[in-house]
>>> print(open('input33.tsv').read())   # TSV, C-alpha atoms
chain	number	residue	atom	x	y	z
Q	1	MET	CA	0.00	0.00	0.00
Q	2	TYR	CA	1.36	3.38	-1.00
Q	3	ASP	CA	0.34	7.00	-0.72
Q	4	ILE	CA	1.81	9.69	-2.93
Q	5	ALA	CA	2.80	13.27	-2.10
Q	6	ASN	CA	4.70	16.02	-3.88
Q	7	ALA	CA	7.12	18.74	-2.83
Q	8	PRO	CA	7.58	22.47	-3.51
Q	9	CYS	CA	10.76	21.78	-5.51
Q	10	SER	CA	8.48	20.60	-8.33
Q	11	TRP	CA	7.50	24.28	-8.60
Q	12	GLY	CA	11.14	25.38	-8.54
Q	13	VAL	CA	11.23	26.05	-4.81
Q	14	ASP	CA	14.65	25.10	-3.46
Q	15	ASP	CA	16.19	28.36	-2.30
Q	16	PRO	CA	13.72	30.50	-0.30
Q	17	LYS	CA	15.77	33.60	-1.20
Q	18	ASN	CA	15.31	33.11	-4.95
Q	19	PRO	CA	13.40	36.19	-6.20
Q	20	HIS	CA	11.63	34.15	-8.88
Q	21	LEU	CA	9.77	31.75	-6.58
Q	22	PRO	CA	6.03	31.31	-7.11
Q	23	ALA	CA	3.64	32.29	-4.34
Q	24	TRP	CA	3.19	29.52	-1.80
Q	25	GLN	CA	-0.57	29.73	-2.37
Q	26	LYS	CA	-0.01	28.75	-6.01
Q	27	VAL	CA	1.87	25.63	-4.93
Q	28	LEU	CA	-0.95	24.57	-2.60
Q	29	ASP	CA	-3.60	25.37	-5.22
Q	30	GLU	CA	-1.90	23.36	-7.95
Q	31	ALA	CA	-0.95	20.44	-5.71
Q	32	ARG	CA	-4.58	19.98	-4.79
Q	33	GLN	CA	-5.75	20.59	-8.36
Q	34	ALA	CA	-3.38	17.84	-9.54
Q	35	GLY	CA	-4.89	15.38	-7.07
Q	36	TYR	CA	-2.37	15.25	-4.22
Q	37	SER	CA	-3.42	14.91	-0.59
Q	38	SER	CA	-0.06	15.77	0.95
Q	39	LEU	CA	3.06	17.87	0.44
Q	40	GLU	CA	6.48	18.29	1.94
Q	41	LEU	CA	7.18	21.50	3.83
Q	42	GLY	CA	9.89	22.63	1.42
Q	43	PRO	CA	12.70	24.99	2.48
Q	44	TRP	CA	12.06	26.65	5.80
Q	45	GLY	CA	10.31	29.98	5.33
Q	46	PHE	CA	8.56	29.24	2.04
Q	47	LEU	CA	5.31	28.01	3.56
Q	48	PRO	CA	4.02	29.99	6.56
Q	49	LYS	CA	6.15	29.52	9.69
Q	50	ASP	CA	3.23	30.01	12.07
Q	51	PRO	CA	1.65	26.55	12.56
Q	52	ALA	CA	-1.82	28.07	12.98
Q	53	VAL	CA	-1.58	29.95	9.68
Q	54	LEU	CA	-0.11	26.91	7.97
Q	55	THR	CA	-2.80	24.61	9.34
Q	56	GLN	CA	-5.57	26.89	8.09
Q	57	ALA	CA	-4.00	27.03	4.62
Q	58	LEU	CA	-3.61	23.25	4.47
Q	59	GLU	CA	-7.17	22.70	5.64
Q	60	GLU	CA	-8.50	25.06	2.99
Q	61	HIS	CA	-6.74	22.98	0.34
Q	62	GLN	CA	-7.47	19.59	1.95
Q	63	LEU	CA	-3.75	18.94	2.21
Q	64	SER	CA	-1.44	17.60	4.90
Q	65	LEU	CA	2.32	17.57	5.46
Q	66	VAL	CA	4.32	14.38	5.08
Q	67	ALA	CA	7.83	15.72	5.79
Q	68	GLY	CA	10.18	18.61	6.29
Q	69	THR	CA	13.75	18.89	5.03
Q	70	LEU	CA	17.06	19.85	6.55
Q	71	PHE	CA	19.23	20.72	3.53
Q	72	ASP	CA	22.55	22.31	4.40
Q	73	ASP	CA	26.17	21.77	5.38
Q	74	LEU	CA	26.08	19.09	8.07
Q	75	VAL	CA	29.85	18.61	8.25
Q	76	SER	CA	31.26	21.85	9.60
Q	77	GLU	CA	31.12	22.55	13.31
Q	78	SER	CA	30.57	26.26	12.70
Q	79	ASN	CA	27.26	25.59	10.92
Q	80	PHE	CA	25.89	23.02	13.33
Q	81	SER	CA	24.22	25.32	15.86
Q	82	LYS	CA	22.20	26.74	12.95
Q	83	MET	CA	21.20	23.19	11.97
Q	84	VAL	CA	20.07	22.38	15.51
Q	85	GLU	CA	17.98	25.55	15.64
Q	86	LEU	CA	16.42	24.74	12.28
Q	87	THR	CA	15.68	21.18	13.39
Q	88	HIS	CA	13.64	22.51	16.28
Q	89	LYS	CA	11.74	24.94	14.05
Q	90	ILE	CA	10.90	22.37	11.37
Q	91	CYS	CA	9.89	19.64	13.81
Q	92	HIS	CA	7.77	22.03	15.87
Q	93	SER	CA	5.95	23.13	12.73
Q	94	LEU	CA	5.40	19.55	11.57
Q	95	ARG	CA	4.04	18.47	14.92
Q	96	ASN	CA	1.58	21.34	15.19
Q	97	THR	CA	-0.18	21.18	11.84
Q	98	ARG	CA	-2.02	18.66	9.66
Q	99	ILE	CA	0.08	15.50	9.36
Q	100	ALA	CA	-0.26	12.92	6.59
Q	101	ARG	CA	-2.00	9.68	7.49
Q	102	ALA	CA	-0.04	6.91	9.13
Q	103	LEU	CA	1.38	4.41	6.67
Q	104	GLY	CA	4.36	2.09	6.88
Q	105	LYS	CA	6.49	0.99	9.81
Q	106	PHE	CA	7.37	4.56	10.78
Q	107	ALA	CA	4.49	6.96	10.29
Q	108	PRO	CA	4.85	10.57	9.13
Q	109	PRO	CA	6.01	13.18	9.65
Q	110	TYR	CA	9.60	12.66	8.55
Q	111	LEU	CA	12.62	14.91	8.87
Q	112	VAL	CA	14.57	14.41	5.64
Q	113	ILE	CA	18.25	14.97	6.45
Q	114	ILE	CA	20.42	16.01	3.50
Q	115	ASP	CA	24.03	17.15	3.61
Q	116	PHE	CA	24.69	19.84	1.02
Q	117	GLY	CA	26.90	22.89	0.98
Q	118	ASN	CA	30.46	21.72	0.36
Q	119	PRO	CA	31.44	23.62	-2.82
Q	120	LYS	CA	34.14	21.06	-3.71
Q	121	ARG	CA	31.58	18.28	-3.71
Q	122	ALA	CA	28.80	20.27	-5.37
Q	123	ARG	CA	31.00	20.66	-8.47
Q	124	PHE	CA	31.16	16.89	-8.98
Q	125	ALA	CA	27.54	15.75	-8.74
Q	126	GLY	CA	27.21	12.38	-10.45
Q	127	GLN	CA	30.97	12.01	-10.93
Q	128	SER	CA	32.07	9.42	-8.39
Q	129	GLY	CA	35.60	9.07	-9.74
Q	130	LYS	CA	36.28	12.80	-9.47
Q	131	ALA	CA	34.35	13.77	-6.33
Q	132	PRO	CA	36.60	14.26	-3.28
Q	133	ARG	CA	35.60	12.23	-0.21
Q	134	LEU	CA	35.55	13.55	3.34
Q	135	SER	CA	38.48	12.86	5.62
Q	136	CYS	CA	37.88	10.37	8.43
Q	137	ASP	CA	37.54	13.22	10.96
Q	138	ASP	CA	35.10	15.15	8.79
Q	139	TRP	CA	33.05	12.02	8.13
Q	140	GLN	CA	32.83	11.22	11.84
Q	141	ARG	CA	31.72	14.79	12.55
Q	142	LEU	CA	29.00	14.41	9.90
Q	143	VAL	CA	27.83	11.16	11.51
Q	144	ASN	CA	27.80	12.72	14.98
Q	145	HIS	CA	25.80	15.70	13.74
Q	146	ILE	CA	23.20	13.51	12.02
Q	147	ARG	CA	22.85	11.37	15.14
Q	148	GLU	CA	22.31	14.43	17.33
Q	149	ILE	CA	19.75	15.93	14.96
Q	150	SER	CA	17.98	12.57	14.74
Q	151	HIS	CA	17.83	12.32	18.52
Q	152	ILE	CA	16.22	15.77	18.78
Q	153	ALA	CA	13.66	14.96	16.09
Q	154	MET	CA	12.63	11.60	17.57
Q	155	GLN	CA	12.88	12.21	21.29
Q	156	GLU	CA	11.54	15.75	21.50
Q	157	TYR	CA	9.02	15.79	18.63
Q	158	GLN	CA	8.33	12.19	17.58
Q	159	VAL	CA	9.37	13.10	14.04
Q	160	ARG	CA	11.07	10.22	12.22
Q	161	PRO	CA	14.53	11.19	10.88
Q	162	VAL	CA	15.52	9.77	7.48
Q	163	ILE	CA	18.89	10.21	5.76
Q	164	HIS	CA	18.70	11.20	2.09
Q	165	PRO	CA	21.70	10.71	-0.24
Q	166	HIS	CA	21.82	13.66	-2.62
Q	167	ALA	CA	23.70	14.59	-5.79
Q	168	GLY	CA	26.41	17.10	-4.97
Q	169	GLY	CA	26.35	16.35	-1.25
Q	170	CYS	CA	28.84	14.40	0.85
Q	171	ILE	CA	26.51	11.37	1.01
Q	172	GLU	CA	25.92	10.49	-2.63
Q	173	PHE	CA	27.81	7.49	-3.99
Q	174	ALA	CA	27.76	3.78	-3.25
Q	175	ASP	CA	30.63	3.84	-0.74
Q	176	GLU	CA	29.08	6.74	1.17
Q	177	ILE	CA	25.57	5.29	1.29
Q	178	THR	CA	26.98	2.00	2.54
Q	179	GLN	CA	29.11	3.74	5.15
Q	180	ILE	CA	26.33	5.95	6.52
Q	181	ALA	CA	24.01	2.94	6.79
Q	182	ASP	CA	26.74	1.08	8.68
Q	183	ASP	CA	27.52	4.01	10.99
Q	184	ILE	CA	23.97	5.01	11.97
Q	185	PRO	CA	21.65	2.18	13.05
Q	186	HIS	CA	18.05	2.04	11.91
Q	187	PHE	CA	16.66	2.68	15.37
Q	188	GLU	CA	18.34	6.11	15.24
Q	189	ALA	CA	17.46	7.07	11.65
Q	190	GLY	CA	15.96	5.46	8.58
Q	191	LEU	CA	16.76	6.02	4.93
Q	192	CYS	CA	14.96	8.06	2.30
Q	193	LEU	CA	16.32	6.80	-1.00
Q	194	ASP	CA	15.60	8.87	-4.08
Q	195	THR	CA	15.40	7.14	-7.45
Q	196	GLY	CA	16.69	10.22	-9.28
Q	197	HIS	CA	19.69	10.71	-7.04
Q	198	LEU	CA	20.54	7.01	-7.15
Q	199	TYR	CA	20.49	7.17	-10.95
Q	200	TYR	CA	22.57	10.36	-10.86
Q	201	ALA	CA	25.16	8.54	-8.74
Q	202	GLY	CA	25.42	5.75	-11.32
Q	203	LEU	CA	23.42	3.28	-9.23
Q	204	SER	CA	20.42	1.09	-10.08
Q	205	PRO	CA	17.41	2.48	-8.18
Q	206	GLU	CA	15.64	-0.87	-7.91
Q	207	LYS	CA	18.78	-2.70	-6.74
Q	208	TRP	CA	19.62	-0.16	-4.06
Q	209	ILE	CA	16.01	0.00	-2.89
Q	210	GLU	CA	16.12	-3.77	-2.52
Q	211	ARG	CA	19.46	-3.63	-0.75
Q	212	TYR	CA	18.12	-1.29	1.92
Q	213	ILE	CA	14.45	-2.23	1.91
Q	214	ASP	CA	14.54	-2.94	5.66
Q	215	ARG	CA	15.96	0.53	6.32
Q	216	LEU	CA	13.67	2.32	3.88
Q	217	ASP	CA	11.14	4.42	5.79
Q	218	TYR	CA	10.28	6.88	3.03
Q	219	LEU	CA	10.85	7.22	-0.73
Q	220	HIS	CA	11.41	10.00	-3.25
Q	221	PHE	CA	10.61	9.38	-6.92
Q	222	LYS	CA	12.12	11.37	-9.79
Q	223	ASP	CA	12.81	10.64	-13.43
Q	224	VAL	CA	15.87	11.64	-15.42
Q	225	ASN	CA	16.11	12.74	-19.04
Q	226	LYS	CA	19.02	10.59	-20.24
Q	227	ALA	CA	20.12	12.85	-23.09
Q	228	ILE	CA	20.32	15.94	-20.88
Q	229	PHE	CA	21.92	13.92	-18.09
Q	230	GLN	CA	24.73	12.73	-20.36
Q	231	LYS	CA	25.39	16.29	-21.52
Q	232	VAL	CA	25.52	17.84	-18.04
Q	233	ILE	CA	27.76	15.07	-16.70
Q	234	ALA	CA	30.12	15.46	-19.65
Q	235	ARG	CA	30.29	19.21	-18.99
Q	236	GLY	CA	30.64	18.82	-15.23
Q	237	THR	CA	27.52	20.91	-14.64
Q	238	ASP	CA	26.42	21.35	-11.03
Q	239	PHE	CA	23.18	19.67	-9.99
Q	240	PHE	CA	20.88	22.67	-9.73
Q	241	THR	CA	22.06	24.16	-13.02
Q	242	ALA	CA	21.34	20.76	-14.55
Q	243	CYS	CA	17.83	20.87	-13.07
Q	244	ALA	CA	17.27	24.29	-14.59
Q	245	GLU	CA	18.27	22.75	-17.95
Q	246	GLY	CA	15.58	20.07	-17.59
Q	247	VAL	CA	17.54	17.02	-16.42
Q	248	MET	CA	14.52	16.03	-14.31
Q	249	CYS	CA	11.33	15.18	-16.17
Q	250	PRO	CA	7.85	13.80	-15.36
Q	251	LEU	CA	7.78	10.20	-14.20
Q	252	GLY	CA	7.59	7.76	-17.08
Q	253	GLN	CA	9.24	10.16	-19.52
Q	254	GLY	CA	12.82	9.47	-18.45
Q	255	ASN	CA	15.24	6.59	-18.09
Q	256	ILE	CA	14.27	5.12	-14.71
Q	257	ASP	CA	12.57	1.72	-14.86
Q	258	TYR	CA	9.55	2.21	-12.61
Q	259	ALA	CA	8.14	-1.20	-13.46
Q	260	ALA	CA	11.29	-2.69	-11.90
Q	261	VAL	CA	11.03	-0.35	-8.90
Q	262	LYS	CA	7.41	-1.36	-8.35
Q	263	ALA	CA	8.24	-5.06	-8.66
Q	264	THR	CA	10.96	-4.66	-6.04
Q	265	LEU	CA	8.67	-2.90	-3.60
Q	266	GLU	CA	5.90	-5.45	-4.13
Q	267	SER	CA	8.23	-8.42	-3.70
Q	268	HIS	CA	9.05	-7.15	-0.21
Q	269	GLN	CA	5.50	-5.96	0.53
Q	270	TRP	CA	6.84	-2.50	1.28
Q	271	GLN	CA	4.29	0.03	2.46
Q	272	GLY	CA	4.77	3.73	2.90
Q	273	TRP	CA	4.79	7.25	1.54
Q	274	ILE	CA	6.31	8.18	-1.80
Q	275	THR	CA	6.98	11.82	-2.67
Q	276	ILE	CA	7.37	12.83	-6.31
Q	277	GLU	CA	9.89	15.56	-7.06
Q	278	GLN	CA	10.89	17.30	-10.26
Q	279	GLU	CA	13.39	20.06	-9.56
Q	280	ARG	CA	13.19	22.91	-12.03
Q	281	ASP	CA	13.97	26.58	-12.50
Q	282	PRO	CA	11.15	28.56	-10.82
Q	283	ARG	CA	10.98	30.71	-13.95
Q	284	ASP	CA	9.61	27.57	-15.60
Q	285	VAL	CA	6.81	27.22	-13.05
Q	286	ALA	CA	4.14	27.46	-15.75
Q	287	GLY	CA	4.87	23.84	-16.58
Q	288	SER	CA	4.59	22.54	-13.02
Q	289	LEU	CA	0.87	21.74	-12.90
Q	290	ALA	CA	0.97	19.69	-16.10
Q	291	ASP	CA	4.09	17.83	-14.98
Q	292	VAL	CA	3.01	16.98	-11.41
Q	293	SER	CA	-0.36	15.87	-12.80
Q	294	ALA	CA	1.32	13.66	-15.41
Q	295	SER	CA	3.62	12.08	-12.83
Q	296	LEU	CA	0.76	11.25	-10.47
Q	297	SER	CA	-1.33	9.82	-13.31
Q	298	TYR	CA	1.62	7.69	-14.41
Q	299	LEU	CA	2.02	6.12	-10.97
Q	300	LYS	CA	-1.73	5.61	-10.52
Q	301	ASN	CA	-1.94	3.89	-13.89
Q	302	MET	CA	0.88	1.59	-12.82
Q	303	GLY	CA	-1.06	0.59	-9.73
Q	304	PHE	CA	0.76	2.64	-7.11
>>> encode(input="input33.tsv", output="structure tokens")
Amino acid sequence: MYDIANAPCSWGVDDPKNPHLPAWQKVLDEARQAGYSSLELGPWGFLPKDPAVLTQALEEHQLSLVAGTLFDDLVSESNFSKMVELTHKICHSLRNTRIARALGKFAPPYLVIIDFGNPKRARFAGQSGKAPRLSCDDWQRLVNHIREISHIAMQEYQVRPVIHPHAGGCIEFADEITQIADDIPHFEAGLCLDTGHLYYAGLSPEKWIERYIDRLDYLHFKDVNKAIFQKVIARGTDFFTACAEGVMCPLGQGNIDYAAVKATLESHQWQGWITIEQERDPRDVAGSLADVSASLSYLKNMGF
């Protein structure tokens, strides 16, 4: 059994300071119009910060929240106090508004934990052979920070933390996914694997979903335009520039084998929430409604 949500990044919302972002009301309007019942919170500050205001807006659109995201540098000590403060804000907001229905072993809401912000790594998204790895000390600091954030989320707010490997971050490739899963046990944090980021890292989405099916609390679905992907990798284009060039496309129109993904999930009787994402330039927001509608229809027609 699955339920399907979407996220503000499908409307180009990744950086809340971007002057071209659509109004948050447009995102809620179009998410509901497309047939979704739930959304992610998106970057902190895009949707209303006041839980009462947010709750009223969600109720008016018959929407709920499935997750919030911590997306920043989780390695450096100097940035960590900011990450702790943001963890409290996101989890407080999630716990005091409309939450998506319970489904799967660990029910929503989720705190999606993504390391991103190392400029040396961001330059080599999808290029495992060229991307520099963290030193042992830096890696251990990253692990310690994720464990502390996870403890706050679970113990103080009953928000389930899930670690999300991400293109251009310091947890992206096979060796790093394996290491983080070894270093942080499932009782402390689950995994949120993303089909698009697995593909970007040169990995088979269905094989890695199967590998970590027992750790998989939450899923992100994307699709990747192979022709654009090959061009941006050859040029060494950073991930978000690649997204602005259309590397992500509606589900079923790219190179990810969703029949194989579905077969893997069904073979293990996996149940849970799936959030569709299609990062784009917010100046291309006019295409968002058609694309998020097409992606949802594609999954529904497949039996998700």
>>> atom_distance(input="input33.tsv", atom1="atom CA of Tyr200 of chain Q", atom2="atom CA of Leu142 of chain Q")
22.1 Å
>>> residues_near_point(input="input33.tsv", point="(7.5, 11.0, -14.5)", cutoff="10 Å", atoms="all atoms listed in the file", output="PyMOL selection string")
chain Q and resi 221-225+248-256+258+276-278+291-299
>>> residues_around(input="input33.tsv", residues="Met1 of chain Q", least_positions_apart="2", cutoff="10 Å", atoms="all atoms listed in the file", output="ChimeraX atom specification")
/Q:3,103-104,265-266,269-273,303-304
>>> write_last_selection(input="input33.tsv", atoms="C-alpha atoms", output="mmCIF file, keeping the file's coordinate frame")
data_model
loop_
_atom_site.group_PDB
_atom_site.id
_atom_site.type_symbol
_atom_site.label_atom_id
_atom_site.label_comp_id
_atom_site.auth_asym_id
_atom_site.auth_seq_id
_atom_site.Cartn_x
_atom_site.Cartn_y
_atom_site.Cartn_z
ATOM 1 C CA ASP Q 3 0.340 7.000 -0.720
ATOM 2 C CA LEU Q 103 1.380 4.410 6.670
ATOM 3 C CA GLY Q 104 4.360 2.090 6.880
ATOM 4 C CA LEU Q 265 8.670 -2.900 -3.600
ATOM 5 C CA GLU Q 266 5.900 -5.450 -4.130
ATOM 6 C CA GLN Q 269 5.500 -5.960 0.530
ATOM 7 C CA TRP Q 270 6.840 -2.500 1.280
ATOM 8 C CA GLN Q 271 4.290 0.030 2.460
ATOM 9 C CA GLY Q 272 4.770 3.730 2.900
ATOM 10 C CA TRP Q 273 4.790 7.250 1.540
ATOM 11 C CA GLY Q 303 -1.060 0.590 -9.730
ATOM 12 C CA PHE Q 304 0.760 2.640 -7.110
#
>>> closest_residue(input="input33.tsv", among="Q:Ala201, Q:Ala181, Q:Ala174, Q:Leu58", to="Asp29 of chain Q", atoms="only C-alpha atoms")
Q:Leu58
>>> atom_distance(input="input33.tsv", atom1="atom CA of Gln56 of chain Q", atom2="atom CA of Arg160 of chain Q")
23.9 Å
>>> residues_around(input="input33.tsv", residues="Met154 of chain Q", least_positions_apart="6", cutoff="12 Å", atoms="only C-alpha atoms", output="MDAnalysis selection string")
chainID Q and resid 87:88 91:92 95 106:111 147:148 160:162 187:190
>>> residues_near_point(input="input33.tsv", point="(21.9, 13.6, 2.0)", cutoff="7 Å", atoms="all atoms listed in the file", output="count of residues only")
11
>>> atom_distance(input="input33.tsv", atom1="atom CA of Arg133 of chain Q", atom2="atom CA of Cys170 of chain Q")
7.2 Å
>>> closest_residue(input="input33.tsv", among="Q:Tyr36, Q:Lys207, Q:Asp50, Q:Gly12", to="Phe240 of chain Q", atoms="all atoms listed in the file")
Q:Gly12
>>> residues_around(input="input33.tsv", residues="His20 of chain Q", least_positions_apart="4", cutoff="10 Å", atoms="only C-alpha atoms", output="list of chain:residue names")
Q:Gly12, Q:Val13, Q:Asp15, Q:Pro16, Q:Asp281, Q:Pro282, Q:Arg283, Q:Asp284, Q:Val285
>>> closest_residue(input="input33.tsv", among="Q:Ala102, Q:Ile213, Q:Ile233, Q:Ala5", to="Ser267 of chain Q", atoms="only C-alpha atoms")
Q:Ile213
>>> residues_around(input="input33.tsv", residues="Glu206 of chain Q", least_positions_apart="6", cutoff="9 Å", atoms="all atoms listed in the file", output="list in words")
Thr195, Asp257, Tyr258, Ala260, Val261, Lys262, Ala263, Thr264 and Leu265 of chain Q
>>> closest_residue(input="input33.tsv", among="Q:Leu65, Q:Gln33, Q:Val84, Q:Gly42", to="His145 of chain Q", atoms="all atoms listed in the file")
Q:Val84
>>> axis_aligned_box(input="input33.tsv", around="segment 121-137 of chain Q", padding_each_side="6 Å", output="lines of an AutoDock Vina configuration file")
center_x = 32.8
center_y = 14.9
center_z = 0.0
size_x = 23.3
size_y = 23.6
size_z = 33.9
>>> closest_residue(input="input33.tsv", among="Q:Tyr199, Q:Trp44, Q:Tyr2, Q:Tyr218", to="Asp14 of chain Q", atoms="all atoms listed in the file")
Q:Trp44
>>> closest_residue(input="input33.tsv", among="Q:Ile4, Q:Ala244, Q:Ala286, Q:Met302", to="Pro22 of chain Q", atoms="only C-alpha atoms")
Q:Ala286
>>> residues_around(input="input33.tsv", residues="Asn118 of chain Q", least_positions_apart="2", cutoff="12 Å", atoms="only C-alpha atoms", output="list in words")
Phe71, Asp72, Asp73, Leu74, Val75, Ser76, Asn79, Ile114, Asp115, Phe116, Lys120, Arg121, Ala122, Arg123, Phe124, Ala125, Ala131, Pro132, Arg133, Leu134, Asp138, Ala167, Gly168, Gly169, Cys170 and Ile171 of chain Q
>>> decode(input="input33.tsv", residues="segment 192-211 of chain Q", atoms="C-alpha atoms", output="mmCIF file, in the first residue's frame")
data_model
loop_
_atom_site.group_PDB
_atom_site.id
_atom_site.type_symbol
_atom_site.label_atom_id
_atom_site.label_comp_id
_atom_site.auth_asym_id
_atom_site.auth_seq_id
_atom_site.Cartn_x
_atom_site.Cartn_y
_atom_site.Cartn_z
ATOM 1 C CA CYS Q 192 14.957 8.055 2.303
ATOM 2 C CA LEU Q 193 16.318 6.803 -0.997
ATOM 3 C CA ASP Q 194 15.598 8.871 -4.079
ATOM 4 C CA THR Q 195 15.398 7.143 -7.455
ATOM 5 C CA GLY Q 196 16.688 10.218 -9.281
ATOM 6 C CA HIS Q 197 19.693 10.713 -7.038
ATOM 7 C CA LEU Q 198 20.545 7.009 -7.153
ATOM 8 C CA TYR Q 199 20.493 7.168 -10.954
ATOM 9 C CA TYR Q 200 22.569 10.356 -10.864
ATOM 10 C CA ALA Q 201 25.157 8.536 -8.742
ATOM 11 C CA GLY Q 202 25.420 5.746 -11.321
ATOM 12 C CA LEU Q 203 23.415 3.278 -9.232
ATOM 13 C CA SER Q 204 20.424 1.094 -10.085
ATOM 14 C CA PRO Q 205 17.407 2.476 -8.181
ATOM 15 C CA GLU Q 206 15.641 -0.871 -7.910
ATOM 16 C CA LYS Q 207 18.785 -2.696 -6.743
ATOM 17 C CA TRP Q 208 19.619 -0.157 -4.064
ATOM 18 C CA ILE Q 209 16.009 -0.001 -2.891
ATOM 19 C CA GLU Q 210 16.125 -3.766 -2.522
ATOM 20 C CA ARG Q 211 19.465 -3.633 -0.746
#
